$ cat data_21.cif   # mmCIF, C-alpha atoms
data_target
loop_
_atom_site.group_PDB
_atom_site.id
_atom_site.type_symbol
_atom_site.label_atom_id
_atom_site.label_comp_id
_atom_site.auth_asym_id
_atom_site.auth_seq_id
_atom_site.Cartn_x
_atom_site.Cartn_y
_atom_site.Cartn_z
ATOM 1 C CA MET A 1 0.000 0.000 0.000
ATOM 2 C CA ARG A 2 2.894 2.390 0.643
ATOM 3 C CA TYR A 3 3.644 2.370 -3.090
ATOM 4 C CA ALA A 4 0.057 3.181 -4.085
ATOM 5 C CA ALA A 5 0.335 6.959 -3.677
ATOM 6 C CA PRO A 6 3.577 7.343 -5.702
ATOM 7 C CA LEU A 7 2.172 5.138 -8.458
ATOM 8 C CA ALA A 8 -1.025 7.179 -8.550
ATOM 9 C CA CYS A 9 1.003 10.380 -8.840
ATOM 10 C CA VAL A 10 3.070 8.931 -11.675
ATOM 11 C CA GLY A 11 -0.101 7.865 -13.487
ATOM 12 C CA ALA A 12 -1.666 11.284 -13.077
ATOM 13 C CA LEU A 13 1.468 12.996 -14.358
ATOM 14 C CA ALA A 14 1.623 10.674 -17.346
ATOM 15 C CA TRP A 15 -1.897 11.613 -18.365
ATOM 16 C CA SER A 16 -1.682 15.278 -17.456
ATOM 17 C CA THR A 17 1.614 15.989 -19.240
ATOM 18 C CA PRO A 18 0.076 15.819 -22.729
ATOM 19 C CA ALA A 19 -2.658 18.168 -21.551
ATOM 20 C CA ALA A 20 -0.119 20.676 -20.287
ATOM 21 C CA ALA A 21 1.470 20.740 -23.716
ATOM 22 C CA GLN A 22 -1.835 21.602 -25.371
ATOM 23 C CA VAL A 23 -2.567 25.117 -26.484
ATOM 24 C CA GLY A 24 -6.114 25.874 -25.440
ATOM 25 C CA PRO A 25 -8.727 23.893 -23.530
ATOM 26 C CA ALA A 26 -9.090 20.112 -23.609
ATOM 27 C CA ALA A 27 -12.102 19.668 -25.882
ATOM 28 C CA PRO A 28 -12.592 16.045 -26.999
ATOM 29 C CA ASP A 29 -12.656 15.372 -30.727
ATOM 30 C CA TRP A 30 -14.382 12.540 -32.609
ATOM 31 C CA ALA A 31 -13.264 9.013 -31.727
ATOM 32 C CA PHE A 32 -9.836 8.349 -33.257
ATOM 33 C CA GLY A 33 -10.022 11.892 -34.666
ATOM 34 C CA ASP A 34 -12.552 10.958 -37.350
ATOM 35 C CA PRO A 35 -16.380 11.017 -37.582
ATOM 36 C CA ALA A 36 -16.205 7.484 -38.993
ATOM 37 C CA GLY A 37 -14.434 6.389 -35.822
ATOM 38 C CA GLU A 38 -17.241 7.919 -33.789
ATOM 39 C CA ALA A 39 -19.781 5.973 -35.830
ATOM 40 C CA VAL A 40 -17.919 2.754 -35.041
ATOM 41 C CA VAL A 41 -17.910 3.473 -31.298
ATOM 42 C CA ILE A 42 -21.625 4.283 -31.385
ATOM 43 C CA ALA A 43 -22.360 1.068 -33.289
ATOM 44 C CA VAL A 44 -20.315 -1.096 -30.913
ATOM 45 C CA SER A 45 -21.885 0.518 -27.848
ATOM 46 C CA ALA A 46 -25.396 0.028 -29.190
ATOM 47 C CA ALA A 47 -24.710 -3.535 -30.340
ATOM 48 C CA SER A 48 -23.459 -4.499 -26.881
ATOM 49 C CA LEU A 49 -26.985 -4.019 -25.540
ATOM 50 C CA ALA A 50 -28.055 -7.087 -27.522
ATOM 51 C CA SER A 51 -26.595 -9.104 -24.642
ATOM 52 C CA TYR A 52 -29.961 -8.611 -22.920
ATOM 53 C CA LEU A 53 -31.369 -11.135 -25.394
ATOM 54 C CA LEU A 54 -29.068 -13.924 -24.203
ATOM 55 C CA PRO A 55 -30.522 -16.627 -21.941
ATOM 56 C CA GLN A 56 -29.812 -16.271 -18.240
ATOM 57 C CA ARG A 57 -27.607 -18.935 -16.743
ATOM 58 C CA ARG A 58 -28.596 -20.292 -13.325
ATOM 59 C CA SER A 59 -25.392 -21.249 -11.564
ATOM 60 C CA ALA A 60 -24.707 -22.534 -8.065
ATOM 61 C CA TRP A 61 -22.833 -19.323 -7.193
ATOM 62 C CA GLY A 62 -24.617 -18.104 -4.117
ATOM 63 C CA ALA A 63 -24.779 -14.667 -2.548
ATOM 64 C CA ALA A 64 -22.357 -13.589 0.158
ATOM 65 C CA SER A 65 -25.260 -13.620 2.610
ATOM 66 C CA SER A 66 -29.022 -13.879 2.756
ATOM 67 C CA GLU A 67 -30.725 -10.486 3.027
ATOM 68 C CA GLU A 68 -34.261 -9.154 3.117
ATOM 69 C CA ARG A 69 -35.621 -7.052 0.271
ATOM 70 C CA ASN A 70 -35.832 -3.316 0.996
ATOM 71 C CA GLU A 71 -38.121 -1.647 -1.528
ATOM 72 C CA VAL A 72 -37.430 1.907 -0.326
ATOM 73 C CA LEU A 73 -33.683 1.622 -0.818
ATOM 74 C CA GLY A 74 -34.257 -0.151 -4.101
ATOM 75 C CA ARG A 75 -36.348 2.725 -5.450
ATOM 76 C CA ALA A 76 -33.799 5.241 -4.188
ATOM 77 C CA SER A 77 -31.075 3.423 -6.119
ATOM 78 C CA ASP A 78 -33.131 3.884 -9.295
ATOM 79 C CA LEU A 79 -32.534 7.630 -8.918
ATOM 80 C CA THR A 80 -28.799 7.422 -8.218
ATOM 81 C CA GLY A 81 -27.880 4.594 -10.582
ATOM 82 C CA ALA A 82 -29.172 2.640 -13.577
ATOM 83 C CA ALA A 83 -31.010 4.662 -16.250
ATOM 84 C CA GLY A 84 -32.426 7.278 -13.877
ATOM 85 C CA GLY A 85 -29.142 8.172 -12.250
ATOM 86 C CA THR A 86 -27.333 8.099 -15.586
ATOM 87 C CA LEU A 87 -29.751 10.594 -17.142
ATOM 88 C CA LEU A 88 -29.441 12.935 -14.160
ATOM 89 C CA LEU A 89 -25.654 12.813 -14.378
ATOM 90 C CA LEU A 90 -25.722 13.390 -18.127
ATOM 91 C CA GLY A 91 -27.772 16.548 -17.601
ATOM 92 C CA THR A 92 -25.598 18.005 -14.869
ATOM 93 C CA GLY A 93 -22.446 16.947 -16.693
ATOM 94 C CA TYR A 94 -23.565 18.715 -19.860
ATOM 95 C CA ALA A 95 -24.143 21.963 -17.969
ATOM 96 C CA LEU A 96 -20.754 21.780 -16.243
ATOM 97 C CA GLU A 97 -18.907 20.844 -19.441
ATOM 98 C CA GLY A 98 -20.506 23.764 -21.260
ATOM 99 C CA SER A 99 -19.460 26.028 -18.402
ATOM 100 C CA TYR A 100 -15.877 24.790 -18.641
ATOM 101 C CA LEU A 101 -15.687 25.248 -22.409
ATOM 102 C CA ALA A 102 -17.233 28.710 -22.158
ATOM 103 C CA GLY A 103 -14.730 29.713 -19.501
ATOM 104 C CA VAL A 104 -11.756 28.781 -21.645
ATOM 105 C CA GLY A 105 -13.009 30.459 -24.792
ATOM 106 C CA VAL A 106 -14.388 27.681 -26.983
ATOM 107 C CA PRO A 107 -16.844 29.041 -29.579
ATOM 108 C CA HIS A 108 -20.405 27.773 -29.107
ATOM 109 C CA PRO A 109 -19.421 25.963 -25.889
ATOM 110 C CA PHE A 110 -22.765 24.347 -25.124
ATOM 111 C CA SER A 111 -23.031 22.953 -28.629
ATOM 112 C CA ARG A 112 -19.532 21.518 -28.314
ATOM 113 C CA ALA A 113 -20.401 20.108 -24.881
ATOM 114 C CA LEU A 114 -22.872 17.792 -26.598
ATOM 115 C CA ARG A 115 -19.892 15.847 -27.927
ATOM 116 C CA THR A 116 -18.759 15.129 -24.381
ATOM 117 C CA SER A 117 -22.295 14.030 -23.515
ATOM 118 C CA LEU A 118 -22.179 11.683 -26.507
ATOM 119 C CA ILE A 119 -18.959 10.140 -25.182
ATOM 120 C CA GLU A 120 -20.584 9.616 -21.798
ATOM 121 C CA ALA A 121 -23.672 8.047 -23.381
ATOM 122 C CA GLU A 122 -21.455 5.675 -25.366
ATOM 123 C CA ALA A 123 -19.602 4.654 -22.216
ATOM 124 C CA ALA A 124 -22.835 4.116 -20.289
ATOM 125 C CA ALA A 125 -24.319 1.992 -23.085
ATOM 126 C CA LEU A 126 -21.181 -0.092 -23.606
ATOM 127 C CA SER A 127 -20.667 -0.712 -19.893
ATOM 128 C CA THR A 128 -24.328 -1.682 -19.534
ATOM 129 C CA GLY A 129 -24.023 -4.136 -22.405
ATOM 130 C CA LEU A 130 -20.871 -5.669 -20.943
ATOM 131 C CA SER A 131 -22.491 -5.868 -17.519
ATOM 132 C CA SER A 132 -25.496 -7.647 -18.984
ATOM 133 C CA LEU A 133 -23.253 -10.116 -20.816
ATOM 134 C CA ILE A 134 -21.408 -10.993 -17.611
ATOM 135 C CA LYS A 135 -24.720 -11.323 -15.765
ATOM 136 C CA ARG A 136 -26.011 -13.800 -18.327
ATOM 137 C CA LEU A 137 -22.831 -15.884 -18.151
ATOM 138 C CA SER A 138 -22.171 -15.797 -14.392
ATOM 139 C CA GLY A 139 -25.673 -16.466 -13.063
ATOM 140 C CA ARG A 140 -25.015 -15.414 -9.488
ATOM 141 C CA CYS A 141 -27.870 -15.408 -6.996
ATOM 142 C CA ARG A 142 -29.110 -12.191 -5.406
ATOM 143 C CA PRO A 143 -28.913 -11.889 -1.593
ATOM 144 C CA ARG A 144 -32.676 -11.329 -1.323
ATOM 145 C CA SER A 145 -33.253 -14.595 -3.209
ATOM 146 C CA TRP A 146 -30.656 -16.687 -1.364
ATOM 147 C CA ARG A 147 -32.161 -19.007 1.236
ATOM 148 C CA THR A 148 -30.443 -21.976 2.904
ATOM 149 C CA ASP A 149 -27.993 -22.523 0.075
ATOM 150 C CA ARG A 150 -30.704 -22.317 -2.544
ATOM 151 C CA CYS A 151 -31.635 -19.506 -4.928
ATOM 152 C CA GLY A 152 -35.035 -18.431 -6.241
ATOM 153 C CA ASP A 153 -36.990 -19.751 -9.190
ATOM 154 C CA THR A 154 -36.823 -16.903 -11.733
ATOM 155 C CA ASP A 155 -34.081 -15.603 -14.008
ATOM 156 C CA LEU A 156 -34.109 -12.293 -12.124
ATOM 157 C CA ASP A 157 -32.896 -14.140 -9.044
ATOM 158 C CA PHE A 158 -29.683 -15.138 -10.842
ATOM 159 C CA ASP A 159 -28.483 -11.874 -12.413
ATOM 160 C CA ALA A 160 -26.667 -10.297 -9.467
ATOM 161 C CA PHE A 161 -23.099 -10.111 -10.800
ATOM 162 C CA PRO A 162 -22.121 -7.393 -11.581
ATOM 163 C CA SER A 163 -24.412 -4.593 -10.430
ATOM 164 C CA GLY A 164 -26.232 -3.122 -13.412
ATOM 165 C CA HIS A 165 -27.233 -0.072 -11.388
ATOM 166 C CA THR A 166 -23.641 0.742 -10.466
ATOM 167 C CA THR A 167 -21.936 0.118 -13.807
ATOM 168 C CA PRO A 168 -23.301 2.980 -15.992
ATOM 169 C CA VAL A 169 -22.801 5.751 -13.431
ATOM 170 C CA ALA A 170 -19.300 4.423 -12.767
ATOM 171 C CA ALA A 171 -18.704 4.578 -16.531
ATOM 172 C CA LEU A 172 -19.537 8.287 -16.497
ATOM 173 C CA ALA A 173 -17.075 8.696 -13.640
ATOM 174 C CA GLY A 174 -14.430 6.944 -15.753
ATOM 175 C CA VAL A 175 -15.022 9.298 -18.688
ATOM 176 C CA ARG A 176 -14.813 12.352 -16.462
ATOM 177 C CA LEU A 177 -11.674 11.123 -14.733
ATOM 178 C CA ASN A 178 -9.969 10.769 -18.103
ATOM 179 C CA LEU A 179 -11.014 14.260 -19.180
ATOM 180 C CA VAL A 180 -9.915 15.808 -15.883
ATOM 181 C CA LEU A 181 -6.452 14.310 -16.322
ATOM 182 C CA ARG A 182 -6.242 15.924 -19.774
ATOM 183 C CA THR A 183 -7.781 19.269 -18.843
ATOM 184 C CA THR A 184 -6.090 22.619 -19.321
ATOM 185 C CA GLY A 185 -7.309 25.884 -17.876
ATOM 186 C CA ASP A 186 -9.771 26.052 -14.988
ATOM 187 C CA ALA A 187 -10.665 22.433 -14.219
ATOM 188 C CA ALA A 188 -13.225 23.262 -11.503
ATOM 189 C CA PRO A 189 -16.350 22.478 -13.603
ATOM 190 C CA ARG A 190 -14.946 19.143 -14.720
ATOM 191 C CA LEU A 191 -13.819 18.298 -11.200
ATOM 192 C CA GLY A 192 -17.350 19.058 -10.039
ATOM 193 C CA ALA A 193 -18.791 16.726 -12.672
ATOM 194 C CA LEU A 194 -16.353 14.001 -11.617
ATOM 195 C CA ALA A 195 -17.270 14.448 -7.954
ATOM 196 C CA LEU A 196 -20.971 14.073 -8.771
ATOM 197 C CA ALA A 197 -20.381 10.867 -10.730
ATOM 198 C CA GLU A 198 -18.149 9.335 -8.066
ATOM 199 C CA THR A 199 -20.647 10.237 -5.348
ATOM 200 C CA ALA A 200 -23.505 8.701 -7.331
ATOM 201 C CA THR A 201 -21.438 5.546 -7.804
ATOM 202 C CA LEU A 202 -20.666 5.135 -4.105
ATOM 203 C CA VAL A 203 -24.219 5.946 -3.004
ATOM 204 C CA THR A 204 -25.650 3.497 -5.532
ATOM 205 C CA MET A 205 -23.308 0.772 -4.304
ATOM 206 C CA ALA A 206 -24.472 1.282 -0.723
ATOM 207 C CA LEU A 207 -28.150 1.409 -1.689
ATOM 208 C CA ARG A 208 -27.997 -1.762 -3.779
ATOM 209 C CA ILE A 209 -26.400 -3.660 -0.909
ATOM 210 C CA GLY A 210 -28.946 -2.251 1.534
ATOM 211 C CA ALA A 211 -31.806 -3.176 -0.797
ATOM 212 C CA GLY A 212 -30.739 -6.817 -0.721
ATOM 213 C CA ALA A 213 -30.136 -6.759 -4.467
ATOM 214 C CA HIS A 214 -26.373 -7.300 -4.443
ATOM 215 C CA SER A 215 -23.446 -8.560 -2.443
ATOM 216 C CA TRP A 216 -20.398 -6.345 -2.061
ATOM 217 C CA GLN A 217 -18.567 -8.250 -4.798
ATOM 218 C CA ASP A 218 -21.345 -7.416 -7.270
ATOM 219 C CA VAL A 219 -21.224 -3.667 -6.726
ATOM 220 C CA GLY A 220 -17.425 -3.682 -6.576
ATOM 221 C CA ALA A 221 -17.240 -5.413 -9.942
ATOM 222 C CA GLY A 222 -19.740 -2.944 -11.377
ATOM 223 C CA MET A 223 -17.671 -0.022 -10.146
ATOM 224 C CA ILE A 224 -14.461 -1.391 -11.685
ATOM 225 C CA LEU A 225 -16.100 -2.399 -14.969
ATOM 226 C CA GLY A 226 -17.747 0.995 -15.318
ATOM 227 C CA HIS A 227 -14.631 3.021 -14.545
ATOM 228 C CA VAL A 228 -12.438 1.024 -16.921
ATOM 229 C CA THR A 229 -14.980 1.138 -19.753
ATOM 230 C CA GLY A 230 -15.574 4.866 -19.378
ATOM 231 C CA PHE A 231 -11.872 5.665 -19.152
ATOM 232 C CA VAL A 232 -11.089 3.681 -22.312
ATOM 233 C CA VAL A 233 -13.985 5.162 -24.295
ATOM 234 C CA ALA A 234 -12.828 8.671 -23.389
ATOM 235 C CA ALA A 235 -9.210 7.801 -24.181
ATOM 236 C CA VAL A 236 -9.979 6.986 -27.838
ATOM 237 C CA HIS A 237 -11.210 10.565 -28.260
ATOM 238 C CA PRO A 238 -8.181 12.803 -28.872
ATOM 239 C CA ILE A 239 -8.031 16.329 -27.551
ATOM 240 C CA THR A 240 -8.611 19.242 -29.905
ATOM 241 C CA PRO A 241 -6.986 22.529 -28.806
ATOM 242 C CA SER A 242 -9.171 25.601 -29.004
ATOM 243 C CA LYS A 243 -8.856 27.772 -32.095
ATOM 244 C CA SER A 244 -9.478 30.831 -29.971
ATOM 245 C CA PRO A 245 -6.170 32.771 -30.000
ATOM 246 C CA TYR A 246 -6.335 33.752 -26.333
ATOM 247 C CA ALA A 247 -8.036 30.704 -24.806
ATOM 248 C CA ALA A 248 -6.121 29.128 -21.936
ATOM 249 C CA GLY A 249 -2.903 30.699 -23.098
ATOM 250 C CA PRO A 250 -0.827 33.842 -22.709
ATOM 251 C CA LEU A 251 -1.616 36.974 -24.602
ATOM 252 C CA PRO A 252 0.546 37.571 -27.671
ATOM 253 C CA GLU A 253 3.678 39.566 -27.076
ATOM 254 C CA ASP A 254 3.618 43.261 -27.847
ATOM 255 C CA PRO A 255 5.661 43.721 -31.012
ATOM 256 C CA GLY A 256 6.853 47.031 -29.577
ATOM 257 C CA ALA A 257 7.157 50.417 -31.212
ATOM 258 C CA ARG A 258 8.413 50.595 -34.746
ATOM 259 C CA PRO A 259 11.854 52.153 -35.200
ATOM 260 C CA THR A 260 11.890 55.813 -36.164
ATOM 261 C CA MET A 261 12.405 56.347 -39.873
ATOM 262 C CA ILE A 262 13.983 59.547 -41.256
ATOM 263 C CA THR A 263 13.359 60.511 -44.852
ATOM 264 C CA TRP A 264 15.013 63.253 -46.885
ATOM 265 C CA THR A 265 13.569 65.213 -49.730
ATOM 266 C CA TRP A 266 14.910 68.048 -51.897
ATOM 267 C CA VAL A 267 11.468 69.518 -52.352
ATOM 268 C CA TYR A 268 10.849 72.743 -50.407
#
$ encode --input "data_21.cif" --output "structure tokens"
Amino acid sequence: MRYAAPLACVGALAWSTPAAAQVGPAAPDWAFGDPAGEAVVIAVSAASLASYLLPQRRSAWGAASSEERNEVLGRASDLTGAAGGTLLLLGTGYALEGSYLAGVGVPHPFSRALRTSLIEAEAAALSTGLSSLIKRLSGRCRPRSWRTDRCGDTDLDFDAFPSGHTTPVAALAGVRLNLVLRTTGDAAPRLGALALAETATLVTMALRIGAGAHSWQDVGAGMILGHVTGFVVAAVHPITPSKSPYAAGPLPEDPGARPTMITWTWVY
């Protein structure tokens, strides 16, 4: 553990150094720097959701413990995670990203912020599809369905691992972490967006455990899967420096006064 902090610092420096070399704010471009690349990422993210159509395996992998169902906490987790929490984070993230881009001089900042929202939506969709695929293959029992070494009788009793509520909001946190590490200028809006996503992830994890829907391994796996997916999706989007001449950079140097020129004429 004593090496964790130095390694984290090295990782942060490795990602932040390219950002420091940028002229202008860190505005993400199309995937792989090409609209066609963006189309591929969108297609892959959307196609991953087809994993919901796969049959659910019913394995002997039991929950960490047997827990009672808590409907109140379950409904609360629908607002912090899953589709509900993801939509709320997308809205607040869009506003904060537009604020950041406006502050560093990007033209039409709130239009450009839609590209960041697209990246986050791709990450949420892809992580959800991957989570669903793992659920179908693992077939782990939910704590609320686990009784005396025996699970329930429906497919929904066997889709605990990983947490589908946790994964998409963690994916947004992964995207925002990547962008923060490559940010130039005032990073406060992006740090705020990251803090919201990380908070939503942790709260959702706690609520899903309290609701009896997941064991700690399920939510932990969802957190890791989401962060990694979001970070990678953001990483394939290169940074485009602002074309604004004064954005996030020093003012041009004063060329100084022109030298005095003396002319001579014979005309009186």
$ closest_residue --input "data_21.cif" --among "A:Ala31, A:Leu114, A:Val233, A:Leu54" --to "Asp159 of chain A" --atoms "all atoms listed in the file"
A:Leu54
$ resolve_selection --input "data_21.cif" --expression "the PyMOL selection byres ((chain A and resi 97) around 9)" --output "list in words"
Thr92, Gly93, Tyr94, Ala95, Leu96, Gly98, Ser99, Tyr100, Leu101, Ala102, Pro109, Phe110, Arg112, Ala113, Leu114, Thr116, Ser117, Pro189, Arg190 and Ala193 of chain A
$ resolve_selection --input "data_21.cif" --expression "the PyMOL selection byres ((chain A and resi 119-134) around 7)" --output "list in words"
Ile42, Ser45, Ala46, Ser48, Leu49, Ser51, Tyr52, Arg115, Thr116, Ser117, Leu118, Lys135, Arg136, Leu137, Ser138, Pro162, Gly164, Thr167, Pro168, Ala171, Leu172, Val175, Leu225, Gly226, Thr229, Gly230, Val233 and Ala234 of chain A
$ closest_residue --input "data_21.cif" --among "A:Ala47, A:Leu79, A:Leu179, A:Ala60" --to "His165 of chain A" --atoms "all atoms listed in the file"
A:Leu79
$ atom_distance --input "data_21.cif" --atom1 "atom CA of Val219 of chain A" --atom2 "atom CA of Ser163 of chain A"
5.0 Å
$ residues_near_point --input "data_21.cif" --point "(-6.3, 8.8, -36.5)" --cutoff "10 Å" --atoms "only C-alpha atoms" --output "ChimeraX atom specification"
/A:30-34,37,236-238
$ decode --input "data_21.cif" --residues "segment 213-223 of chain A" --atoms "all heavy atoms" --output "mmCIF file, in the first residue's frame"
data_model
loop_
_atom_site.group_PDB
_atom_site.id
_atom_site.type_symbol
_atom_site.label_atom_id
_atom_site.label_comp_id
_atom_site.auth_asym_id
_atom_site.auth_seq_id
_atom_site.Cartn_x
_atom_site.Cartn_y
_atom_site.Cartn_z
ATOM 1 N N ALA A 213 -30.239 -6.398 -3.056
ATOM 2 C CA ALA A 213 -30.136 -6.759 -4.467
ATOM 3 C C ALA A 213 -28.767 -7.313 -4.830
ATOM 4 O O ALA A 213 -28.644 -8.076 -5.797
ATOM 5 C CB ALA A 213 -30.445 -5.545 -5.340
ATOM 6 N N HIS A 214 -27.733 -6.910 -4.076
ATOM 7 C CA HIS A 214 -26.373 -7.300 -4.443
ATOM 8 C C HIS A 214 -25.510 -7.552 -3.219
ATOM 9 O O HIS A 214 -25.724 -6.958 -2.154
ATOM 10 C CB HIS A 214 -25.704 -6.204 -5.282
ATOM 11 C CG HIS A 214 -26.312 -6.020 -6.634
ATOM 12 N ND1 HIS A 214 -26.147 -6.921 -7.655
ATOM 13 C CD2 HIS A 214 -27.094 -5.028 -7.133
ATOM 14 C CE1 HIS A 214 -26.794 -6.499 -8.731
ATOM 15 N NE2 HIS A 214 -27.381 -5.354 -8.434
ATOM 16 N N SER A 215 -24.524 -8.399 -3.412
ATOM 17 C CA SER A 215 -23.446 -8.560 -2.443
ATOM 18 C C SER A 215 -22.367 -7.530 -2.762
ATOM 19 O O SER A 215 -22.373 -6.906 -3.830
ATOM 20 C CB SER A 215 -22.860 -9.972 -2.526
ATOM 21 O OG SER A 215 -23.858 -10.953 -2.291
ATOM 22 N N TRP A 216 -21.420 -7.375 -1.856
ATOM 23 C CA TRP A 216 -20.398 -6.345 -2.061
ATOM 24 C C TRP A 216 -19.544 -6.641 -3.288
ATOM 25 O O TRP A 216 -19.070 -5.724 -3.964
ATOM 26 C CB TRP A 216 -19.526 -6.211 -0.814
ATOM 27 C CG TRP A 216 -18.675 -7.414 -0.503
ATOM 28 C CD1 TRP A 216 -18.987 -8.464 0.309
ATOM 29 C CD2 TRP A 216 -17.360 -7.680 -1.009
ATOM 30 N NE1 TRP A 216 -17.962 -9.376 0.341
ATOM 31 C CE2 TRP A 216 -16.941 -8.917 -0.456
ATOM 32 C CE3 TRP A 216 -16.497 -7.007 -1.863
ATOM 33 C CZ2 TRP A 216 -15.708 -9.495 -0.732
ATOM 34 C CZ3 TRP A 216 -15.255 -7.575 -2.144
ATOM 35 C CH2 TRP A 216 -14.870 -8.804 -1.580
ATOM 36 N N GLN A 217 -19.358 -7.924 -3.609
ATOM 37 C CA GLN A 217 -18.567 -8.250 -4.798
ATOM 38 C C GLN A 217 -19.259 -7.776 -6.077
ATOM 39 O O GLN A 217 -18.600 -7.374 -7.039
ATOM 40 C CB GLN A 217 -18.326 -9.760 -4.887
ATOM 41 C CG GLN A 217 -17.555 -10.342 -3.725
ATOM 42 C CD GLN A 217 -18.486 -10.962 -2.694
ATOM 43 O OE1 GLN A 217 -19.618 -10.495 -2.513
ATOM 44 N NE2 GLN A 217 -18.012 -12.000 -2.020
ATOM 45 N N ASP A 218 -20.588 -7.821 -6.083
ATOM 46 C CA ASP A 218 -21.345 -7.416 -7.270
ATOM 47 C C ASP A 218 -21.180 -5.927 -7.560
ATOM 48 O O ASP A 218 -20.929 -5.524 -8.700
ATOM 49 C CB ASP A 218 -22.833 -7.728 -7.080
ATOM 50 C CG ASP A 218 -23.090 -9.175 -6.699
ATOM 51 O OD1 ASP A 218 -22.285 -10.034 -7.088
ATOM 52 O OD2 ASP A 218 -24.100 -9.427 -6.009
ATOM 53 N N VAL A 219 -21.330 -5.110 -6.517
ATOM 54 C CA VAL A 219 -21.224 -3.667 -6.726
ATOM 55 C C VAL A 219 -19.771 -3.262 -6.969
ATOM 56 O O VAL A 219 -19.492 -2.324 -7.729
ATOM 57 C CB VAL A 219 -21.821 -2.888 -5.535
ATOM 58 C CG1 VAL A 219 -23.314 -3.140 -5.421
ATOM 59 C CG2 VAL A 219 -21.116 -3.236 -4.229
ATOM 60 N N GLY A 220 -18.836 -3.975 -6.335
ATOM 61 C CA GLY A 220 -17.425 -3.682 -6.576
ATOM 62 C C GLY A 220 -17.034 -3.968 -8.014
ATOM 63 O O GLY A 220 -16.314 -3.187 -8.649
ATOM 64 N N ALA A 221 -17.526 -5.082 -8.547
ATOM 65 C CA ALA A 221 -17.240 -5.413 -9.942
ATOM 66 C C ALA A 221 -17.880 -4.401 -10.881
ATOM 67 O O ALA A 221 -17.285 -4.011 -11.898
ATOM 68 C CB ALA A 221 -17.746 -6.819 -10.258
ATOM 69 N N GLY A 222 -19.088 -3.954 -10.549
ATOM 70 C CA GLY A 222 -19.740 -2.944 -11.377
ATOM 71 C C GLY A 222 -18.978 -1.635 -11.384
ATOM 72 O O GLY A 222 -18.862 -0.976 -12.423
ATOM 73 N N MET A 223 -18.448 -1.256 -10.232
ATOM 74 C CA MET A 223 -17.671 -0.022 -10.146
ATOM 75 C C MET A 223 -16.412 -0.112 -11.009
ATOM 76 O O MET A 223 -16.090 0.815 -11.764
ATOM 77 C CB MET A 223 -17.284 0.260 -8.697
ATOM 78 C CG MET A 223 -16.449 1.517 -8.517
ATOM 79 S SD MET A 223 -15.763 1.695 -6.850
ATOM 80 C CE MET A 223 -14.582 0.353 -6.835
#
